[in-house]
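The next block is coords01.tsv, given as TSV, C-alpha atoms.
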chain	number	residue	atom	x	y	z
A	1290	MET	CA	-293.10	-145.69	-73.12
A	1291	ASN	CA	-294.40	-143.08	-70.71
A	1292	ALA	CA	-295.86	-144.52	-67.51
A	1293	HIS	CA	-299.17	-142.77	-68.26
A	1294	SER	CA	-299.41	-143.78	-71.94
A	1295	THR	CA	-302.02	-146.34	-72.71
A	1296	SER	CA	-303.91	-147.60	-75.71
A	1297	GLU	CA	-307.00	-147.46	-73.50
A	1298	ALA	CA	-308.84	-144.16	-73.52
A	1299	SER	CA	-308.99	-141.95	-70.43
A	1300	GLU	CA	-311.60	-139.31	-69.71
A	1301	ALA	CA	-310.23	-135.83	-69.13
A	1302	TYR	CA	-311.66	-132.36	-68.54
A	1303	ILE	CA	-310.41	-129.17	-70.16
A	1304	ALA	CA	-311.28	-125.55	-69.32
A	1305	LEU	CA	-311.44	-123.09	-72.20
A	1306	GLY	CA	-311.49	-119.31	-72.01
A	1307	ALA	CA	-311.26	-116.41	-74.46
A	1308	ASN	CA	-311.57	-112.65	-74.16
A	1309	LEU	CA	-310.15	-111.26	-77.42
A	1310	GLY	CA	-311.66	-111.34	-80.91
A	1311	ASP	CA	-314.69	-113.51	-81.69
A	1312	ARG	CA	-314.63	-115.31	-78.35
A	1313	GLU	CA	-317.33	-117.89	-79.08
A	1314	HIS	CA	-315.92	-118.78	-82.49
A	1315	THR	CA	-312.42	-119.19	-81.06
A	1316	LEU	CA	-313.71	-121.50	-78.31
A	1317	TYR	CA	-315.45	-123.65	-80.92
A	1318	GLU	CA	-312.35	-123.66	-83.14
A	1319	ALA	CA	-310.33	-124.96	-80.18
A	1320	ILE	CA	-312.86	-127.71	-79.48
A	1321	THR	CA	-312.90	-128.66	-83.16
A	1322	ALA	CA	-309.10	-128.85	-83.21
A	1323	LEU	CA	-309.17	-131.13	-80.15
A	1324	ASP	CA	-311.85	-133.35	-81.70
A	1325	GLU	CA	-309.94	-133.64	-85.00
A	1326	HIS	CA	-306.85	-135.08	-83.28
A	1327	PRO	CA	-306.81	-138.86	-83.79
A	1328	GLY	CA	-306.13	-139.45	-80.08
A	1329	ILE	CA	-308.92	-137.18	-78.78
A	1330	ARG	CA	-312.70	-137.31	-78.96
A	1331	VAL	CA	-314.83	-134.53	-77.49
A	1332	LEU	CA	-317.62	-136.15	-75.46
A	1333	ARG	CA	-319.50	-133.23	-73.89
A	1334	CYS	CA	-319.34	-129.43	-73.84
A	1335	SER	CA	-320.70	-127.15	-71.15
A	1336	SER	CA	-322.75	-124.05	-71.76
A	1337	LEU	CA	-320.84	-120.81	-72.29
A	1338	TYR	CA	-320.50	-118.36	-69.40
A	1339	GLU	CA	-319.41	-114.74	-69.47
A	1340	THR	CA	-317.07	-114.04	-66.58
A	1341	GLU	CA	-315.27	-111.09	-65.09
A	1342	PRO	CA	-311.48	-111.22	-65.34
A	1343	VAL	CA	-309.55	-112.55	-62.35
A	1344	GLY	CA	-306.08	-111.35	-61.36
A	1345	TYR	CA	-305.30	-108.79	-64.07
A	1346	LEU	CA	-308.54	-106.78	-64.16
A	1347	ASP	CA	-307.88	-104.23	-66.94
A	1348	GLN	CA	-309.18	-106.43	-69.75
A	1349	PRO	CA	-312.44	-107.51	-71.43
A	1350	SER	CA	-314.77	-110.13	-69.95
A	1351	PHE	CA	-314.12	-113.76	-70.78
A	1352	LEU	CA	-316.27	-116.45	-72.29
A	1353	ASN	CA	-315.56	-119.68	-70.43
A	1354	MET	CA	-316.63	-123.26	-70.97
A	1355	THR	CA	-315.41	-126.78	-70.28
A	1356	ALA	CA	-315.17	-129.93	-72.35
A	1357	ALA	CA	-315.05	-133.60	-71.42
A	1358	ILE	CA	-312.85	-135.62	-73.74
A	1359	SER	CA	-311.81	-139.20	-74.23
A	1360	THR	CA	-308.13	-139.51	-75.07
A	1361	THR	CA	-305.47	-142.13	-75.63
A	1362	LEU	CA	-302.77	-139.49	-75.12
A	1363	ALA	CA	-300.63	-139.33	-71.99
A	1364	PRO	CA	-301.24	-136.16	-69.93
A	1365	GLU	CA	-298.01	-134.53	-71.16
A	1366	GLU	CA	-298.84	-135.32	-74.80
A	1367	LEU	CA	-302.31	-133.86	-74.36
A	1368	LEU	CA	-300.87	-130.69	-72.81
A	1369	THR	CA	-298.40	-130.33	-75.70
A	1370	PHE	CA	-301.23	-130.56	-78.21
A	1371	MET	CA	-303.35	-128.08	-76.24
A	1372	LEU	CA	-300.46	-125.57	-76.33
A	1373	GLU	CA	-300.18	-126.11	-80.10
A	1374	VAL	CA	-303.89	-125.32	-80.46
A	1375	GLU	CA	-303.46	-122.14	-78.40
A	1376	SER	CA	-300.57	-121.07	-80.61
A	1377	ARG	CA	-302.51	-121.81	-83.83
A	1378	LEU	CA	-305.38	-119.68	-82.56
A	1379	GLY	CA	-303.14	-116.68	-81.83
A	1380	ARG	CA	-302.37	-117.03	-78.12
A	1381	VAL	CA	-299.52	-114.82	-76.96
A	1382	ARG	CA	-298.25	-114.64	-73.39
A	1383	HIS	CA	-297.30	-111.04	-72.55
A	1384	ILE	CA	-299.09	-110.38	-69.25
A	1385	PRO	CA	-299.71	-113.13	-66.66
A	1386	ASN	CA	-303.51	-113.66	-66.46
A	1387	GLY	CA	-303.82	-111.04	-69.20
A	1388	PRO	CA	-306.00	-110.85	-72.29
A	1389	ARG	CA	-305.88	-113.83	-74.63
A	1390	THR	CA	-307.49	-115.18	-77.76
A	1391	ILE	CA	-307.69	-118.63	-76.15
A	1392	ASP	CA	-306.64	-120.40	-72.99
A	1393	LEU	CA	-306.81	-124.18	-72.57
A	1394	ASP	CA	-306.19	-125.76	-69.17
A	1395	LEU	CA	-306.06	-129.48	-68.49
A	1396	LEU	CA	-308.02	-129.81	-65.27
A	1397	TRP	CA	-308.44	-133.48	-64.49
A	1398	MET	CA	-307.58	-136.81	-66.04
A	1399	GLU	CA	-309.27	-139.79	-64.36
A	1400	ALA	CA	-307.85	-138.87	-60.96
A	1401	VAL	CA	-304.24	-138.95	-62.22
A	1402	GLN	CA	-301.95	-137.18	-59.79
A	1403	LEU	CA	-298.94	-135.66	-61.48
A	1404	ALA	CA	-296.47	-132.90	-60.69
A	1405	THR	CA	-293.89	-131.98	-63.31
A	1406	PRO	CA	-292.38	-128.60	-64.15
A	1407	ASP	CA	-294.91	-128.28	-67.02
A	1408	LEU	CA	-298.03	-129.97	-65.70
A	1409	GLU	CA	-299.79	-130.50	-62.39
A	1410	LEU	CA	-302.85	-132.76	-62.16
A	1411	PRO	CA	-305.39	-132.20	-60.87
A	1412	HIS	CA	-305.06	-128.53	-61.88
A	1413	PRO	CA	-303.80	-126.80	-58.71
A	1414	ARG	CA	-306.27	-123.87	-58.82
A	1415	MET	CA	-309.38	-125.37	-60.38
A	1416	LEU	CA	-311.22	-125.69	-57.05
A	1417	GLU	CA	-310.60	-121.96	-56.37
A	1418	ARG	CA	-312.09	-120.77	-59.67
A	1419	ALA	CA	-315.82	-120.37	-60.08
A	1420	PHE	CA	-315.27	-119.69	-63.81
A	1421	VAL	CA	-313.98	-123.30	-64.04
A	1422	LEU	CA	-316.31	-125.04	-61.58
A	1423	VAL	CA	-319.61	-123.58	-62.80
A	1424	PRO	CA	-319.19	-124.82	-66.40
A	1425	LEU	CA	-317.58	-128.04	-65.16
A	1426	ALA	CA	-320.73	-128.77	-63.16
A	1427	ASP	CA	-322.59	-128.87	-66.52
A	1428	ILE	CA	-320.66	-131.89	-67.78
A	1429	VAL	CA	-319.36	-134.04	-64.90
A	1430	PRO	CA	-321.82	-136.90	-64.35
A	1431	ASN	CA	-322.93	-137.51	-60.77
A	1432	GLN	CA	-321.86	-141.16	-61.11
A	1433	ASP	CA	-318.30	-140.08	-62.01
A	1434	PRO	CA	-316.08	-142.94	-60.74
A	1435	SER	CA	-313.00	-140.69	-60.37
A	1436	GLY	CA	-314.55	-138.67	-57.52
A	1437	LEU	CA	-314.48	-135.36	-59.40
A	1438	TYR	CA	-318.24	-134.82	-59.03
A	1439	SER	CA	-318.21	-134.76	-55.23
A	1440	ILE	CA	-314.92	-132.80	-55.03
A	1441	MET	CA	-316.27	-130.18	-57.46
A	1442	HIS	CA	-319.66	-129.76	-55.78
A	1443	THR	CA	-318.10	-129.48	-52.32
A	1444	ALA	CA	-315.80	-126.71	-53.60
A	1445	LEU	CA	-318.65	-124.93	-55.40
A	1446	LYS	CA	-320.77	-124.71	-52.22
A	1447	SER	CA	-318.15	-122.70	-50.35
A	1448	LEU	CA	-316.66	-120.72	-53.23
A	1449	ASP	CA	-316.94	-116.93	-53.49
A	1450	GLY	CA	-317.10	-115.16	-56.84
A	1451	LYS	CA	-319.96	-117.09	-58.43
A	1452	ASP	CA	-321.83	-113.81	-58.89
A	1453	GLY	CA	-319.18	-112.73	-61.45
A	1454	ILE	CA	-320.29	-115.55	-63.74
A	1455	GLN	CA	-323.32	-115.17	-65.99
A	1456	PHE	CA	-324.86	-117.84	-68.19
A	1457	TRP	CA	-324.26	-116.66	-71.75
A	1458	LYS	CA	-325.72	-119.39	-73.96
A	1459	THR	CA	-326.03	-123.11	-74.45
A	1460	SER	CA	-323.17	-124.57	-76.45
A	1461	SER	CA	-323.93	-125.10	-80.13
A	1462	TRP	CA	-320.60	-126.69	-81.00
A	1463	ARG	CA	-321.92	-129.96	-82.45
A	1464	SER	CA	-325.20	-128.60	-83.77
A	1465	GLY	CA	-324.38	-125.29	-85.35
A	1466	PHE	CA	-320.68	-124.53	-85.53
A	1467	ALA	CA	-319.03	-124.30	-88.93
A	1468	PRO	CA	-315.28	-123.59	-88.84
A	1469	PHE	CA	-313.92	-120.79	-91.04
A	1470	GLY	CA	-313.53	-121.98	-94.60
A	1471	SER	CA	-316.26	-124.62	-94.34
As structure tokens, the full file:
Amino acid sequence: MNAHSTSEASEAYIALGANLGDREHTLYEAITALDEHPGIRVLRCSSLYETEPVGYLDQPSFLNMTAAISTTLAPEELLTFMLEVESRLGRVRHIPNGPRTIDLDLLWMEAVQLATPDLELPHPRMLERAFVLVPLADIVPNQDPSGLYSIMHTALKSLDGKDGIQFWKTSSWRSGFAPFGS
């Protein structure tokens, strides 16, 4: 058994982004896929934010959001499932930081510190990315026992680039989203 596996649920945070196709629908499809996994329950979703691309600039704007989940999966198992969801939703990796139908990043998992060739926790660049921190601030409770709330707010105060992020709309995932074929 993996050292991180447990039958007890852990809270984790995932960043989601999309800039190709029906961005909002694809984000909601990804959240639905996560929630339908027997080892994952979506607890909270942030609002959606439209953001300018970072790194590779010759591409459309992104819609970004974050989700808090409860999971019984080990971090590596969760990452594997997230990559499967990306693949199902048409993600291809041609250009680093390039256009994509969906991008799922595991940001934080109850203060687990992990460094493997495939996964680093906490996410190594999350505190440098306003497009992650702004939506994350929507869903991390200020009584968060893992310390993420204070780490995130400290980083947000000094971070440049927040002007490239515009509130787009409040998430309607639970209230109004119907997957294709429903």
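The space between atom CA of A:Asn1308 and atom CA of A:Pro1388 spans 6.1 Å.
For the residues A:Leu1309, A:Ile1358, A:Leu1368, A:Leu1316, ranking by smallest atom-to-atom distance to A:Arg1330 using all atoms listed in the file places A:Ile1358 first.
Shortest separation to A:Ser1439 among A:Pro1424, A:Val1331, A:Leu1416, A:Ala1319 occurs at residue A:Leu1416, atoms counted being only C-alpha atoms.
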Would you list the contacts of stretch 1352-1357 of chain A as JSON, numbers by chain, taking every protein, DNA or RNA residue within 7 Å and counting all atoms listed in the file, but skipping same-chain residues closer than 6 positions in sequence? {"A": [1300, 1301, 1302, 1303, 1304, 1305, 1306, 1307, 1308, 1312, 1331, 1332, 1333, 1334, 1335, 1336, 1337, 1338, 1339, 1340, 1420, 1424, 1425, 1428]}
Between atom CA of A:Val1429 and atom CA of A:Pro1349, what is the distance, to one decimal in Å? 28.2 Å
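Closest to A:Leu1396 among A:Gly1379, A:Leu1422, A:Ile1320, A:Pro1434 is A:Leu1422, based on only C-alpha atoms.
Closest to A:Leu1403 among A:Thr1369, A:Ala1363, A:Met1441, A:Gly1436 is A:Ala1363, based on only C-alpha atoms.
Atom pair atom CA of A:Asp1407 / atom CA of A:Thr1321: separated by 24.2 Å.
Minimum atom-to-atom distance to A:Ala1298, evaluated using all atoms listed in the file, belongs to A:Thr1361 out of A:Ser1460, A:Gln1402, A:Thr1315, A:Thr1361.
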